[in-house]
$ cat work-v4.pdb   # PDB, C-alpha atoms
ATOM      1  CA  MET A 133      54.686  -2.144   3.429
ATOM      2  CA  SER A 134      56.452   1.184   3.271
ATOM      3  CA  TYR A 135      55.225   3.595   0.562
ATOM      4  CA  TYR A 136      58.887   4.305  -0.263
ATOM      5  CA  SER A 137      61.327   1.420  -0.051
ATOM      6  CA  HIS A 138      63.859   3.869   1.383
ATOM      7  CA  HIS A 139      62.994   7.359   2.584
ATOM      8  CA  LEU A 140      66.032   9.562   3.272
ATOM      9  CA  PHE A 141      65.952  12.769   5.223
ATOM     10  CA  PHE A 142      68.849  15.204   5.089
ATOM     11  CA  CYS A 143      68.964  17.563   8.021
ATOM     12  CA  THR A 144      69.212  20.979   6.354
ATOM     13  CA  ASN A 145      68.623  23.008   9.466
ATOM     14  CA  GLN A 146      70.174  26.451   9.661
ATOM     15  CA  ARG A 147      71.043  27.688  13.115
ATOM     16  CA  HIS A 148      71.266  31.389  13.687
ATOM     17  CA  ASP A 149      73.065  31.430  17.025
ATOM     18  CA  GLY A 150      76.560  30.619  15.782
ATOM     19  CA  ARG A 151      76.474  26.993  16.887
ATOM     20  CA  SER A 152      77.423  24.278  14.380
ATOM     21  CA  CYS A 153      74.665  22.832  12.185
ATOM     22  CA  CYS A 154      74.266  20.514   9.227
ATOM     23  CA  THR A 155      73.747  23.304   6.722
ATOM     24  CA  GLN A 156      77.254  24.590   7.336
ATOM     25  CA  HIS A 157      78.452  21.287   5.908
ATOM     26  CA  GLY A 158      76.704  21.826   2.584
ATOM     27  CA  ALA A 159      73.694  19.679   3.461
ATOM     28  CA  GLN A 160      71.365  21.322   0.951
ATOM     29  CA  LYS A 161      73.807  20.904  -1.914
ATOM     30  CA  MET A 162      74.468  17.314  -0.937
ATOM     31  CA  ARG A 163      70.755  16.587  -0.819
ATOM     32  CA  ASP A 164      70.340  18.135  -4.274
ATOM     33  CA  TYR A 165      73.147  15.953  -5.592
ATOM     34  CA  LEU A 166      71.654  12.703  -4.292
ATOM     35  CA  LYS A 167      68.095  13.613  -5.273
ATOM     36  CA  LYS A 168      69.177  14.276  -8.845
ATOM     37  CA  LYS A 169      71.189  11.070  -9.021
ATOM     38  CA  VAL A 170      68.288   8.947  -7.725
ATOM     39  CA  LYS A 171      65.997  10.504 -10.336
ATOM     40  CA  THR A 172      68.483  10.100 -13.153
ATOM     41  CA  GLU A 173      68.955   6.442 -12.301
ATOM     42  CA  GLY A 174      65.180   5.861 -12.355
ATOM     43  CA  LEU A 175      65.041   4.915  -8.679
ATOM     44  CA  ALA A 176      62.679   7.666  -7.487
ATOM     45  CA  GLY A 177      58.984   7.419  -6.723
ATOM     46  CA  ALA A 178      56.474   5.194  -4.949
ATOM     47  CA  GLY A 179      57.995   1.818  -4.179
ATOM     48  CA  GLY A 180      61.418   3.353  -4.768
ATOM     49  CA  ILE A 181      63.661   5.883  -3.099
ATOM     50  CA  ARG A 182      62.634   9.327  -1.857
ATOM     51  CA  ILE A 183      65.158  11.992  -0.909
ATOM     52  CA  ASN A 184      63.925  14.790   1.352
ATOM     53  CA  THR A 185      65.121  17.749   3.293
ATOM     54  CA  ALA A 186      64.104  17.977   6.930
ATOM     55  CA  GLY A 187      64.306  20.444   9.757
ATOM     56  CA  CYS A 188      66.715  19.859  12.642
ATOM     57  CA  LEU A 189      67.012  16.149  13.394
ATOM     58  CA  ASP A 190      68.600  17.083  16.738
ATOM     59  CA  ARG A 191      71.818  15.161  16.305
ATOM     60  CA  CYS A 192      73.849  18.242  15.491
ATOM     61  CA  GLU A 193      76.989  17.045  17.273
ATOM     62  CA  MET A 194      77.166  14.110  14.833
ATOM     63  CA  GLY A 195      76.351  16.264  11.815
ATOM     64  CA  PRO A 196      75.914  16.503   9.027
ATOM     65  CA  VAL A 197      73.405  13.688   9.374
ATOM     66  CA  ILE A 198      70.983  11.688   7.256
ATOM     67  CA  VAL A 199      68.389   9.227   8.499
ATOM     68  CA  VAL A 200      67.067   6.421   6.314
ATOM     69  CA  TYR A 201      63.635   4.959   7.050
ATOM     70  CA  PRO A 202      61.923   2.609   7.569
ATOM     71  CA  GLU A 203      65.144   0.920   8.663
ATOM     72  CA  ALA A 204      66.075   3.838  10.960
ATOM     73  CA  VAL A 205      69.728   3.922   9.942
ATOM     74  CA  TRP A 206      71.652   7.132  10.604
ATOM     75  CA  TYR A 207      74.640   8.348   8.612
ATOM     76  CA  THR A 208      77.092  11.142   8.498
ATOM     77  CA  TYR A 209      78.919  12.089   5.309
ATOM     78  CA  VAL A 210      81.693  14.298   4.033
ATOM     79  CA  ASP A 211      81.383  14.366   0.267
ATOM     80  CA  THR A 212      79.463  13.052  -2.731
ATOM     81  CA  GLU A 213      81.539   9.879  -2.719
ATOM     82  CA  ASP A 214      80.036   9.039   0.660
ATOM     83  CA  LEU A 215      76.564   9.586  -0.772
ATOM     84  CA  ASP A 216      77.373   7.430  -3.786
ATOM     85  CA  GLU A 217      78.435   4.658  -1.443
ATOM     86  CA  ILE A 218      75.230   4.946   0.607
ATOM     87  CA  LEU A 219      73.223   4.776  -2.624
ATOM     88  CA  GLU A 220      75.066   1.841  -4.139
ATOM     89  CA  ARG A 221      75.668  -0.290  -1.086
ATOM     90  CA  HIS A 222      72.694   0.457   1.128
ATOM     91  CA  LEU A 223      69.802   1.774  -0.956
ATOM     92  CA  ILE A 224      70.438  -0.489  -3.916
ATOM     93  CA  GLY A 225      72.489  -3.272  -2.329
ATOM     94  CA  GLY A 226      70.623  -3.476   0.976
ATOM     95  CA  GLU A 227      73.718  -3.398   3.166
ATOM     96  CA  PRO A 228      74.394  -0.468   5.546
ATOM     97  CA  VAL A 229      77.684   1.380   5.073
ATOM     98  CA  GLU A 230      79.377   0.639   8.374
ATOM     99  CA  ARG A 231      82.070   3.317   8.193
ATOM    100  CA  LEU A 232      79.510   6.137   7.920
ATOM    101  CA  LEU A 233      77.045   4.944  10.555
ATOM    102  CA  VAL A 234      75.962   7.190  13.395
ATOM    103  CA  LYS A 235      74.772   5.105  16.329
TER     104      LYS A 235
ATOM    105  CA  MET B 162      66.532  -0.025  17.556
ATOM    106  CA  SER B 163      65.288   3.289  16.273
ATOM    107  CA  TYR B 164      66.938   6.381  17.797
ATOM    108  CA  TYR B 165      63.461   7.928  18.130
ATOM    109  CA  SER B 166      60.588   5.611  19.047
ATOM    110  CA  HIS B 167      58.408   7.617  16.647
ATOM    111  CA  HIS B 168      59.757  10.116  14.146
ATOM    112  CA  LEU B 169      57.070  12.272  12.513
ATOM    113  CA  PHE B 170      57.584  14.350   9.415
ATOM    114  CA  PHE B 171      55.094  17.030   8.438
ATOM    115  CA  CYS B 172      55.221  17.959   4.784
ATOM    116  CA  THR B 173      55.570  21.747   4.889
ATOM    117  CA  ASN B 174      56.366  22.194   1.242
ATOM    118  CA  GLN B 175      55.356  25.448  -0.387
ATOM    119  CA  ARG B 176      54.565  25.275  -4.069
ATOM    120  CA  HIS B 177      54.890  28.406  -6.136
ATOM    121  CA  ASP B 178      53.030  27.331  -9.250
ATOM    122  CA  GLY B 179      49.491  27.615  -7.887
ATOM    123  CA  ARG B 180      48.978  23.890  -7.377
ATOM    124  CA  SER B 181      47.705  22.658  -4.035
ATOM    125  CA  CYS B 182      50.281  21.853  -1.353
ATOM    126  CA  CYS B 183      50.406  20.909   2.300
ATOM    127  CA  THR B 184      51.437  24.365   3.455
ATOM    128  CA  GLN B 185      48.128  25.797   2.244
ATOM    129  CA  HIS B 186      46.488  23.607   4.877
ATOM    130  CA  GLY B 187      48.406  25.209   7.737
ATOM    131  CA  ALA B 188      51.022  22.460   7.918
ATOM    132  CA  GLN B 189      53.684  24.623   9.587
ATOM    133  CA  LYS B 190      51.289  25.787  12.307
ATOM    134  CA  MET B 191      50.052  22.256  12.874
ATOM    135  CA  ARG B 192      53.609  20.990  13.195
ATOM    136  CA  ASP B 193      54.377  23.754  15.713
ATOM    137  CA  TYR B 194      51.323  22.747  17.721
ATOM    138  CA  LEU B 195      52.255  19.071  17.928
ATOM    139  CA  LYS B 196      55.937  19.750  18.558
ATOM    140  CA  LYS B 197      55.098  21.973  21.508
ATOM    141  CA  LYS B 198      52.628  19.469  22.921
ATOM    142  CA  VAL B 199      55.120  16.597  22.707
ATOM    143  CA  LYS B 200      57.713  18.736  24.520
ATOM    144  CA  THR B 201      55.276  19.906  27.180
ATOM    145  CA  GLU B 202      54.236  16.344  27.894
ATOM    146  CA  GLY B 203      57.870  15.256  28.297
ATOM    147  CA  LEU B 204      57.752  12.876  25.349
ATOM    148  CA  ALA B 205      60.456  14.511  23.191
ATOM    149  CA  GLY B 206      64.060  13.408  22.731
ATOM    150  CA  ALA B 207      66.136  10.292  22.112
ATOM    151  CA  GLY B 208      64.078   7.175  22.762
ATOM    152  CA  GLY B 209      60.953   9.314  22.532
ATOM    153  CA  ILE B 210      59.074  11.241  19.908
ATOM    154  CA  ARG B 211      60.567  13.648  17.378
ATOM    155  CA  ILE B 212      58.448  16.050  15.353
ATOM    156  CA  ASN B 213      60.008  17.445  12.178
ATOM    157  CA  THR B 214      59.216  19.489   9.147
ATOM    158  CA  ALA B 215      60.141  18.047   5.776
ATOM    159  CA  GLY B 216      60.214  19.135   2.174
ATOM    160  CA  CYS B 217      57.650  17.795  -0.282
ATOM    161  CA  LEU B 218      56.774  14.186   0.551
ATOM    162  CA  ASP B 219      55.262  13.897  -2.932
ATOM    163  CA  ARG B 220      51.797  12.823  -1.856
ATOM    164  CA  CYS B 221      50.263  16.240  -2.455
ATOM    165  CA  GLU B 222      46.924  14.905  -3.681
ATOM    166  CA  MET B 223      46.397  13.291  -0.262
ATOM    167  CA  GLY B 224      47.632  16.363   1.628
ATOM    168  CA  PRO B 225      48.178  17.664   4.104
ATOM    169  CA  VAL B 226      50.237  14.600   5.022
ATOM    170  CA  ILE B 227      52.391  13.301   7.837
ATOM    171  CA  VAL B 228      54.535  10.187   7.812
ATOM    172  CA  VAL B 229      55.490   8.368  11.011
ATOM    173  CA  TYR B 230      58.622   6.228  11.048
ATOM    174  CA  PRO B 231      59.933   3.622  11.610
ATOM    175  CA  GLU B 232      56.457   2.168  11.215
ATOM    176  CA  ALA B 233      55.920   3.971   7.871
ATOM    177  CA  VAL B 234      52.360   5.018   8.652
ATOM    178  CA  TRP B 235      50.916   7.925   6.653
ATOM    179  CA  TYR B 236      48.226  10.291   7.870
ATOM    180  CA  THR B 237      46.215  13.220   6.733
ATOM    181  CA  TYR B 238      44.651  15.656   9.182
ATOM    182  CA  VAL B 239      42.295  18.594   9.344
ATOM    183  CA  ASP B 240      42.742  20.163  12.758
ATOM    184  CA  THR B 241      44.531  19.926  16.091
ATOM    185  CA  GLU B 242      42.002  17.383  17.334
ATOM    186  CA  ASP B 243      43.244  15.009  14.655
ATOM    187  CA  LEU B 244      46.811  15.570  15.840
ATOM    188  CA  ASP B 245      45.779  14.996  19.452
ATOM    189  CA  GLU B 246      44.233  11.694  18.428
ATOM    190  CA  ILE B 247      47.377  10.621  16.549
ATOM    191  CA  LEU B 248      49.441  11.506  19.621
ATOM    192  CA  GLU B 249      47.213   9.760  22.158
ATOM    193  CA  ARG B 250      46.224   6.679  20.256
ATOM    194  CA  HIS B 251      49.192   5.994  18.012
ATOM    195  CA  LEU B 252      52.310   7.593  19.449
ATOM    196  CA  ILE B 253      51.441   6.880  23.070
ATOM    197  CA  GLY B 254      48.938   4.039  22.705
ATOM    198  CA  GLY B 255      50.646   2.192  19.849
ATOM    199  CA  GLU B 256      47.533   1.846  17.718
ATOM    200  CA  PRO B 257      47.236   3.597  14.318
ATOM    201  CA  VAL B 258      44.287   5.956  13.875
ATOM    202  CA  GLU B 259      42.392   4.179  11.110
ATOM    203  CA  ARG B 260      40.150   7.059  10.099
ATOM    204  CA  LEU B 261      43.093   9.330   9.261
ATOM    205  CA  LEU B 262      45.256   6.800   7.435
ATOM    206  CA  VAL B 263      46.568   7.489   3.938
ATOM    207  CA  LYS B 264      47.347   4.221   2.189
TER     208      LYS B 264
END

$ encode --input "work-v4.pdb" --output "structure tokens"
Amino acid sequence: MSYYSHHLFFCTNQRHDGRSCCTQHGAQKMRDYLKKKVKTEGLAGAGGIRINTAGCLDRCEMGPVIVVYPEAVWYTYVDTEDLDEILERHLIGGEPVERLLVK
Amino acid sequence: MSYYSHHLFFCTNQRHDGRSCCTQHGAQKMRDYLKKKVKTEGLAGAGGIRINTAGCLDRCEMGPVIVVYPEAVWYTYVDTEDLDEILERHLIGGEPVERLLVK
């Protein structure tokens, strides 16, 4: 059994060569938003949901990206409403959010 | 199917309050070592192995820690020989390294 029921990683990589990267899309801020929300709703911790930053997940062209394990589902997102939907429908409801999937 | 066959996250969190953390155990250097080795051996990339840094995985008392997804297997390690064993036996051989498991 997975230590966290859902373990999310936000790519927060910062490139320094001018090429596009997740951080330019506000990845750190978006991670902070979701992390706070998960805590506030009492969903964080062992057996629950964990929200992490990560280095470059190497899917920059699809960015900004998130990966959710152990189910290995990849998402992109634009705003906090997208994150809310991932939280409500996938992390709580158990159903991936089709419109945001990165395959 | 998982985009990466094995996706490893090294906790490289740095605490600033004096408490123990993975970074004090050389986590960043150890991640660099394994990342380079996976690349050199031609195992990196989509369908292969991805080595990442991550923020605090919140298992500090067991640190330094790694988590491998999608199988959700947690490890601790002391030196590069431990990492070599995780690479050879688990990531290539498909068999978790019992002696390094964090449960």

$ resolve_selection --input "work-v4.pdb" --expression "the PyMOL selection byres ((chain B) within 7 of (chain A))" --output "PyMOL selection string"
chain B and resi 163+213-216+230-233

$ resolve_selection --input "work-v4.pdb" --expression "the PyMOL selection byres ((chain A and resi 153) around 12)" --output "number ranges by chain"
A: 142-152, 154-160, 187-197

$ closest_residue --input "work-v4.pdb" --among "B:Val258, B:Leu244, B:Ile253, B:Val239" --to "Lys196 of chain B" --atoms "only C-alpha atoms"
B:Leu244

$ resolve_selection --input "work-v4.pdb" --expression "the PyMOL selection byres ((chain B and resi 261) around 7)" --output "PyMOL selection string"
chain B and resi 236-238+258-260+262-263

$ atom_distance --input "work-v4.pdb" --atom1 "atom CA of Lys169 of chain A" --atom2 "atom CA of Asp216 of chain A"
8.9 Å

$ atom_distance --input "work-v4.pdb" --atom1 "atom CA of Glu256 of chain B" --atom2 "atom CA of Gly208 of chain B"
18.1 Å

$ atom_distance --input "work-v4.pdb" --atom1 "atom CA of Gly254 of chain B" --atom2 "atom CA of Asp240 of chain B"
19.9 Å

$ decode --input "work-v4.pdb" --residues "segment 210-241 of chain B" --atoms "C-alpha atoms" --output "PDB file, in the first residue's frame"
ATOM      1  CA  ILE B 210      14.065   5.706 -15.479  1.00  0.00           C
ATOM      2  CA  ARG B 211      13.740   9.290 -14.265  1.00  0.00           C
ATOM      3  CA  ILE B 212      15.700  10.628 -11.311  1.00  0.00           C
ATOM      4  CA  ASN B 213      14.352  13.770  -9.646  1.00  0.00           C
ATOM      5  CA  THR B 214      14.858  15.994  -6.682  1.00  0.00           C
ATOM      6  CA  ALA B 215      11.833  16.797  -4.562  1.00  0.00           C
ATOM      7  CA  GLY B 216      10.932  19.043  -1.679  1.00  0.00           C
ATOM      8  CA  CYS B 217      10.378  17.586   1.781  1.00  0.00           C
ATOM      9  CA  LEU B 218       8.765  14.148   1.530  1.00  0.00           C
ATOM     10  CA  ASP B 219       7.876  14.451   5.220  1.00  0.00           C
ATOM     11  CA  ARG B 220       9.597  11.288   6.384  1.00  0.00           C
ATOM     12  CA  CYS B 221      12.559  13.133   7.873  1.00  0.00           C
ATOM     13  CA  GLU B 222      13.000  10.757  10.804  1.00  0.00           C
ATOM     14  CA  MET B 223      13.717   7.945   8.325  1.00  0.00           C
ATOM     15  CA  GLY B 224      15.970  10.127   6.158  1.00  0.00           C
ATOM     16  CA  PRO B 225      17.659  10.406   3.879  1.00  0.00           C
ATOM     17  CA  VAL B 226      14.783   8.990   1.832  1.00  0.00           C
ATOM     18  CA  ILE B 227      13.914   8.161  -1.747  1.00  0.00           C
ATOM     19  CA  VAL B 228      10.534   7.128  -3.089  1.00  0.00           C
ATOM     20  CA  VAL B 229      10.164   5.093  -6.279  1.00  0.00           C
ATOM     21  CA  TYR B 230       6.916   5.300  -8.229  1.00  0.00           C
ATOM     22  CA  PRO B 231       4.624   3.932  -9.533  1.00  0.00           C
ATOM     23  CA  GLU B 232       5.433   1.067  -7.190  1.00  0.00           C
ATOM     24  CA  ALA B 233       5.488   3.384  -4.133  1.00  0.00           C
ATOM     25  CA  VAL B 234       8.593   1.821  -2.617  1.00  0.00           C
ATOM     26  CA  TRP B 235      10.527   3.896  -0.070  1.00  0.00           C
ATOM     27  CA  TYR B 236      14.237   3.610   0.616  1.00  0.00           C
ATOM     28  CA  THR B 237      16.895   5.041   2.807  1.00  0.00           C
ATOM     29  CA  TYR B 238      20.560   4.959   1.837  1.00  0.00           C
ATOM     30  CA  VAL B 239      24.001   5.691   3.188  1.00  0.00           C
ATOM     31  CA  ASP B 240      26.350   5.739   0.222  1.00  0.00           C
ATOM     32  CA  THR B 241      26.652   5.269  -3.526  1.00  0.00           C
TER      33      THR B 241
END
